[in-house]
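Below is the file upload-v9.txt, which contains compact mmCIF, C-alpha atoms.
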# COMPACT_ATOMS: atom_id res chain seq x y z
CA MET A 1 8.53 -19.28 -0.94
CA LYS A 2 5.68 -18.56 -3.31
CA ARG A 3 4.35 -15.04 -3.08
CA PRO A 4 2.00 -12.70 -4.96
CA HIS A 5 3.13 -10.37 -7.72
CA VAL A 6 3.69 -7.16 -5.75
CA ILE A 7 2.91 -3.74 -7.19
CA ILE A 8 3.59 -0.48 -5.38
CA ASN A 9 1.50 2.48 -6.48
CA CYS A 10 1.77 5.94 -4.97
CA ALA A 11 1.53 9.65 -5.72
CA MET A 12 4.02 12.26 -4.63
CA SER A 13 4.60 15.98 -5.04
CA ALA A 14 7.39 17.35 -7.20
CA ASP A 15 9.55 17.44 -4.07
CA GLY A 16 8.83 13.83 -3.11
CA LYS A 17 6.19 14.29 -0.39
CA ILE A 18 3.11 12.07 -0.02
CA ALA A 19 1.14 13.98 2.65
CA SER A 20 1.02 17.29 4.45
CA PRO A 21 3.68 18.27 7.03
CA LYS A 22 1.14 17.21 9.68
CA ARG A 23 0.94 13.76 8.01
CA LYS A 24 -2.59 14.30 6.72
CA GLN A 25 -3.70 13.01 3.34
CA MET A 26 -3.63 15.49 0.47
CA ARG A 27 -4.89 15.24 -3.06
CA ILE A 28 -1.78 15.01 -5.23
CA SER A 29 -3.15 12.94 -8.12
CA CYS A 30 -5.18 14.47 -10.94
CA ASP A 31 -8.51 12.98 -12.06
CA GLU A 32 -6.81 10.88 -14.72
CA ASP A 33 -4.39 9.33 -12.23
CA ILE A 34 -7.16 8.65 -9.72
CA ALA A 35 -9.04 6.76 -12.46
CA ARG A 36 -5.86 4.78 -13.20
CA MET A 37 -5.44 3.98 -9.51
CA TYR A 38 -8.97 2.64 -9.20
CA GLN A 39 -8.48 0.53 -12.33
CA LEU A 40 -5.31 -0.93 -10.84
CA ARG A 41 -7.04 -1.56 -7.51
CA ASN A 42 -9.96 -3.23 -9.29
CA GLU A 43 -7.56 -5.56 -11.14
CA SER A 44 -5.78 -6.61 -7.94
CA ASP A 45 -6.68 -9.49 -5.65
CA ALA A 46 -5.73 -7.50 -2.55
CA VAL A 47 -4.76 -3.96 -1.58
CA LEU A 48 -2.40 -3.45 1.36
CA VAL A 49 -1.59 -0.51 3.64
CA GLY A 50 0.02 -0.06 7.02
CA ILE A 51 -1.71 0.93 10.25
CA GLY A 52 -0.29 4.46 9.92
CA THR A 53 -2.39 5.03 6.80
CA ILE A 54 -5.50 3.72 8.57
CA LEU A 55 -5.02 6.00 11.58
CA ALA A 56 -4.11 9.09 9.53
CA ASP A 57 -6.52 8.82 6.59
CA ASN A 58 -9.23 6.29 7.57
CA PRO A 59 -9.58 4.95 3.98
CA LYS A 60 -12.17 2.44 2.77
CA LEU A 61 -9.76 0.85 0.25
CA THR A 62 -12.67 -0.05 -2.01
CA VAL A 63 -13.30 0.80 -5.69
CA LYS A 64 -15.62 3.70 -6.48
CA GLU A 65 -18.37 2.93 -8.97
CA THR A 66 -18.03 6.46 -10.39
CA PHE A 67 -14.71 5.29 -11.86
CA ILE A 68 -15.30 1.54 -12.41
CA GLN A 69 -18.65 0.03 -13.35
CA HIS A 70 -19.47 -3.16 -11.42
CA PRO A 71 -16.25 -3.02 -9.39
CA LYS A 72 -14.52 -6.08 -7.99
CA HIS A 73 -13.52 -4.94 -4.54
CA PRO A 74 -10.18 -6.51 -3.54
CA LEU A 75 -9.34 -8.05 -0.19
CA ARG A 76 -8.17 -5.25 2.12
CA VAL A 77 -5.01 -6.03 4.07
CA ILE A 78 -3.68 -4.03 7.03
CA LEU A 79 -0.22 -4.54 8.51
CA ASP A 80 -0.83 -3.73 12.17
CA SER A 81 1.97 -5.05 14.38
CA LYS A 82 0.55 -3.63 17.63
CA GLY A 83 -3.16 -4.27 17.07
CA ARG A 84 -4.19 -0.63 16.79
CA THR A 85 -6.88 -0.85 14.10
CA PRO A 86 -9.98 0.92 15.53
CA SER A 87 -13.20 -1.09 15.53
CA ASN A 88 -14.96 1.80 13.74
CA ALA A 89 -12.38 2.14 10.94
CA LEU A 90 -13.99 2.47 7.50
CA VAL A 91 -11.74 -0.29 6.18
CA LEU A 92 -13.77 -2.70 8.34
CA ASN A 93 -17.06 -2.05 6.56
CA ASP A 94 -18.75 -5.02 4.90
CA VAL A 95 -18.27 -3.89 1.30
CA SER A 96 -15.34 -6.28 1.05
CA LYS A 97 -13.34 -8.68 3.20
CA THR A 98 -10.58 -7.34 5.43
CA LEU A 99 -7.50 -9.16 6.70
CA ILE A 100 -5.56 -7.65 9.61
CA ILE A 101 -2.05 -9.00 10.10
CA SER A 102 -0.95 -8.32 13.66
CA GLY A 103 2.15 -9.07 15.69
CA LYS A 104 2.43 -12.04 18.02
CA GLU A 105 0.08 -11.74 21.02
CA LYS A 106 -1.34 -8.44 19.64
CA LYS A 107 -4.38 -10.04 18.03
CA LYS A 108 -7.72 -8.28 18.61
CA THR A 109 -11.23 -9.46 17.81
CA TYR A 110 -13.71 -7.58 15.64
CA ASN A 111 -17.39 -8.03 14.85
CA GLY A 112 -18.19 -9.39 11.40
CA SER A 113 -17.45 -12.62 9.56
CA HIS A 114 -15.83 -10.57 6.76
CA ILE A 115 -12.97 -9.55 9.10
CA GLU A 116 -10.10 -11.93 9.76
CA VAL A 117 -7.10 -11.37 12.03
CA ILE A 118 -3.94 -13.44 11.82
CA GLU A 119 -0.64 -13.20 13.65
CA CYS A 120 2.78 -12.80 12.07
CA SER A 121 6.31 -12.35 13.31
CA THR A 122 7.87 -8.88 13.37
CA ASP A 123 11.30 -7.71 12.26
CA LYS A 124 13.96 -5.95 14.34
CA THR A 125 12.23 -2.58 13.80
CA GLY A 126 8.92 -3.89 15.15
CA LEU A 127 7.19 -3.99 11.77
CA ILE A 128 5.36 -7.02 10.42
CA ASP A 129 7.86 -9.28 8.67
CA VAL A 130 7.07 -8.85 4.97
CA HIS A 131 7.99 -12.41 3.98
CA CYS A 132 5.83 -13.78 6.78
CA ALA A 133 2.88 -11.70 5.55
CA LEU A 134 3.18 -12.63 1.87
CA ASN A 135 3.03 -16.37 2.44
CA PRO A 136 -0.51 -16.51 3.92
CA LEU A 137 -1.73 -14.05 1.29
CA TYR A 138 -0.57 -16.38 -1.47
CA GLN A 139 -2.22 -19.31 0.31
CA LYS A 140 -5.48 -17.32 0.36
CA GLY A 141 -5.37 -16.99 -3.43
CA VAL A 142 -3.81 -13.53 -3.70
CA ARG A 143 -1.76 -13.51 -6.88
CA LYS A 144 -1.67 -9.75 -7.50
CA LEU A 145 -1.04 -7.55 -4.46
CA LEU A 146 -1.27 -3.76 -4.64
CA VAL A 147 0.71 -1.92 -1.94
CA GLU A 148 -0.45 1.67 -1.47
CA GLY A 149 1.52 2.87 1.54
CA GLY A 150 2.47 4.60 3.58
CA GLY A 151 6.11 5.49 3.26
CA THR A 152 7.39 3.08 5.91
CA ILE A 153 5.53 0.16 4.35
CA ILE A 154 6.80 1.03 0.87
CA TRP A 155 10.36 1.24 2.18
CA ASN A 156 10.05 -2.12 3.91
CA PHE A 157 8.78 -3.89 0.78
CA LEU A 158 11.56 -2.38 -1.32
CA LYS A 159 14.21 -3.19 1.27
CA GLN A 160 13.08 -6.82 1.42
CA LYS A 161 13.27 -7.05 -2.40
CA VAL A 162 9.75 -8.34 -2.89
CA VAL A 163 8.53 -5.64 -5.32
CA ASP A 164 7.91 -6.45 -8.98
CA ASP A 165 6.50 -3.15 -10.29
CA PHE A 166 6.72 0.34 -8.81
CA TYR A 167 4.48 3.15 -10.11
CA ILE A 168 4.98 6.75 -8.98
CA PHE A 169 2.73 9.59 -10.10
CA ILE A 170 4.48 12.94 -9.72
CA GLY A 171 1.99 15.74 -9.23
CA SER A 172 2.57 19.35 -10.24
CA CYS A 173 2.88 20.76 -6.73
CA VAL A 174 5.40 21.34 -3.97
CA ILE A 175 4.59 20.59 -0.32
CA GLY A 176 7.89 21.10 1.51
CA GLY A 177 8.85 20.39 5.11
CA LYS A 178 11.94 18.49 6.22
CA ASP A 179 9.86 16.04 8.29
CA THR A 180 7.01 15.66 5.80
CA PRO A 181 6.35 11.98 4.85
CA THR A 182 8.06 10.80 1.68
CA VAL A 183 7.52 7.86 -0.66
CA ALA A 184 10.06 5.72 1.21
CA ASP A 185 10.47 6.47 4.91
CA GLY A 186 11.68 3.95 7.46
CA GLU A 187 15.29 3.83 8.60
CA GLY A 188 16.76 4.33 5.11
CA ILE A 189 19.91 2.85 3.65
CA THR A 190 23.45 2.63 4.91
CA THR A 191 26.37 3.43 2.61
CA GLY A 192 26.41 1.29 -0.52
CA GLU A 193 23.01 -0.30 0.00
CA GLU A 194 20.86 1.92 -2.20
CA ILE A 195 17.91 0.26 -3.92
CA THR A 196 18.42 0.54 -7.66
CA LEU A 197 15.60 0.72 -10.18
CA LYS A 198 15.19 0.69 -13.93
CA ILE A 199 12.72 2.88 -15.77
CA VAL A 200 10.22 0.85 -17.78
CA GLU A 201 8.02 3.68 -19.01
CA VAL A 202 7.41 7.40 -18.50
CA GLN A 203 4.17 9.01 -19.57
CA LYS A 204 2.29 12.25 -19.05
CA VAL A 205 -0.96 11.64 -17.19
CA GLY A 206 -3.20 14.68 -16.88
CA SER A 207 -1.31 17.44 -15.08
CA GLY A 208 1.49 15.14 -13.88
CA VAL A 209 3.92 12.41 -14.89
CA LEU A 210 3.68 8.67 -14.24
CA ILE A 211 6.92 6.68 -13.97
CA HIS A 212 6.90 2.89 -14.04
CA TYR A 213 9.96 1.37 -12.40
CA GLN A 214 11.11 -2.18 -11.78
CA PRO A 215 13.71 -2.98 -9.12
CA LEU A 216 16.96 -4.44 -10.40
Could I get this file's structure written as structure tokens?
Amino acid sequence: MKRPHVIINCAMSADGKIASPKRKQMRISCDEDIARMYQLRNESDAVLVGIGTILADNPKLTVKETFIQHPKHPLRVILDSKGRTPSNALVLNDVSKTLIISGKEKKKTYNGSHIEVIECSTDKTGLIDVHCALNPLYQKGVRKLLVEGGGTIIWNFLKQKVVDDFYIFIGSCVIGGKDTPTVADGEGITTGEEITLKIVEVQKVGSGVLIHYQPL
């Protein structure tokens, strides 16, 4: 199966958390890393998140002109197995096109020719099957896909071994909380199934550290 080149990009605290204990978005990245993120988003054909990110953070998933002049807004993709994307979500604005991938018989309709909804099969955990989602994206011309979260989505892409590059910015803060969202949530591994990575590059970015991994 042909698929896009998949890049995961995320920011976490020094103790591995990506949000507050109440699952609300926090600023972990410094200005320099935010600029890098927007550059990466601008260079991608599509940016993908799960429905949990939409409901918790209500992001636009566009590129801010304060960081990138004349931005090329990527296709925005939402994995939404149960059809829960609100009709007033900011990700549905007309700045760019939006593709919602829903589960079978969970398809909803939205106003606007820039919004498309397609159906995909789900896996045993009820999430959108990653391989099923990547195929139509490739057919739509997506060659570089940026996956931004949340933790369950990141875990699922890593587990299905469809990740080519994995960037983690480690901010200089500690959030804490045993149930606070982490970079890779989901059901986790069983004994002997850990996902191994190799370090490609480590660099200091502003007040934090950026690590570029590639899965083995």
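Within 8 Å of the point (2.6, 3.7, 4.5) in file coordinates, and counting only C-alpha atoms, lie the residues A:Val49, A:Gly50, A:Ile51, A:Gly52, A:Thr53, A:Glu148, A:Gly149, A:Gly150, A:Gly151, A:Thr152, A:Ile153, A:Ile154.
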> Can you tell me, as a list in words, what residues are no more than 10 Å from Lys198 in chain A when counting all atoms listed in the file, ignoring any on the same chain fewer than 4 positions away?
Replying inline: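 Listing them by chain and then by number gives Phe166, His212, Tyr213, Gln214, Pro215 and Leu216 of chain A.
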> Contacts of Phe157 in chain A at 10 Å or less, counting all atoms listed in the file, minus same-chain residues fewer than 3 places along, as a count of residues only?
Replying inline: 16
> Between A:Ala56, A:Leu210, A:Ile34, A:Ile78, which has the minimum distance to Ile170 in chain A (counting all atoms listed in the file)?
Replying inline: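 Using all atoms listed in the file, Ile170 in chain A sits closest to A:Leu210.
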>> I'd like the interatomic distance between CA of Glu193 in chain A and CA of Arg143 in chain A, to a tenth of an Å.
In response: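 Between CA of Glu193 in chain A and CA of Arg143 in chain A the gap is 28.9 Å.
Using only C-alpha atoms, the nearest neighbour of Trp155 in chain A within the list A:Thr182, A:Ser172, A:Thr109, A:Asn135 is A:Thr182.
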>> To one decimal place in Å, what is the distance between CA of Leu99 in chain A and CA of Gln39 in chain A?
In response: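 Distance reported for this atom pair: 21.4 Å.
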> Using only C-alpha atoms, which residues sit within 12 Å of range 112-116 of chain A once same-chain residues fewer than 5 positions away are excluded, as a PyMOL selection string?
Replying inline: chain A and resi 75-78+85+87-89+91-102+107+140
Could you please take those selected residues and save C-alpha atoms as a short mmCIF file (atom, residue, chain, number, x, y, z; two decimals), in the coordinates of the input?
data_model
loop_
_atom_site.label_atom_id
_atom_site.label_comp_id
_atom_site.auth_asym_id
_atom_site.auth_seq_id
_atom_site.Cartn_x
_atom_site.Cartn_y
_atom_site.Cartn_z
CA LEU A 75 -9.34 -8.05 -0.19
CA ARG A 76 -8.17 -5.25 2.12
CA VAL A 77 -5.01 -6.03 4.07
CA ILE A 78 -3.68 -4.03 7.03
CA THR A 85 -6.88 -0.85 14.10
CA SER A 87 -13.20 -1.09 15.53
CA ASN A 88 -14.96 1.80 13.74
CA ALA A 89 -12.38 2.14 10.94
CA VAL A 91 -11.74 -0.29 6.18
CA LEU A 92 -13.77 -2.70 8.34
CA ASN A 93 -17.06 -2.05 6.56
CA ASP A 94 -18.75 -5.02 4.90
CA VAL A 95 -18.27 -3.89 1.30
CA SER A 96 -15.34 -6.28 1.05
CA LYS A 97 -13.34 -8.68 3.20
CA THR A 98 -10.58 -7.34 5.43
CA LEU A 99 -7.50 -9.16 6.70
CA ILE A 100 -5.56 -7.65 9.61
CA ILE A 101 -2.05 -9.00 10.10
CA SER A 102 -0.95 -8.32 13.66
CA LYS A 107 -4.38 -10.04 18.03
CA LYS A 140 -5.48 -17.32 0.36
#
> Could you work out how far CA of Pro74 in chain A lies from CA of His5 in chain A, giving the answer in Å with one decimal?
Replying inline: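 These atoms are spaced 14.5 Å apart.
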> Looking at A:Lys60, A:Lys106, A:Lys144, A:Arg36, which one is nearest to Tyr167 in chain A, with distances taken over all atoms listed in the file?
Replying inline: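 Smallest separation from Tyr167 in chain A among the options: A:Arg36.
Take the candidates A:Leu79, A:Leu40, A:Val202, A:Val183 and check each one against Ser121 in chain A using only C-alpha atoms; the shortest distance goes to A:Leu79.
You can rank A:Thr122, A:Asn58, A:Ser44, A:Ser29 by their closest distance to Ser81 in chain A using all atoms listed in the file, and at the top of that list sits A:Thr122.
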>> Under the rule that only C-alpha atoms are counted, which of A:Asp57, A:Lys64, A:Asp164, A:Leu48 is the nearest residue to Asp80 in chain A?
In response: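 The closest residue to Asp80 in chain A is A:Leu48.
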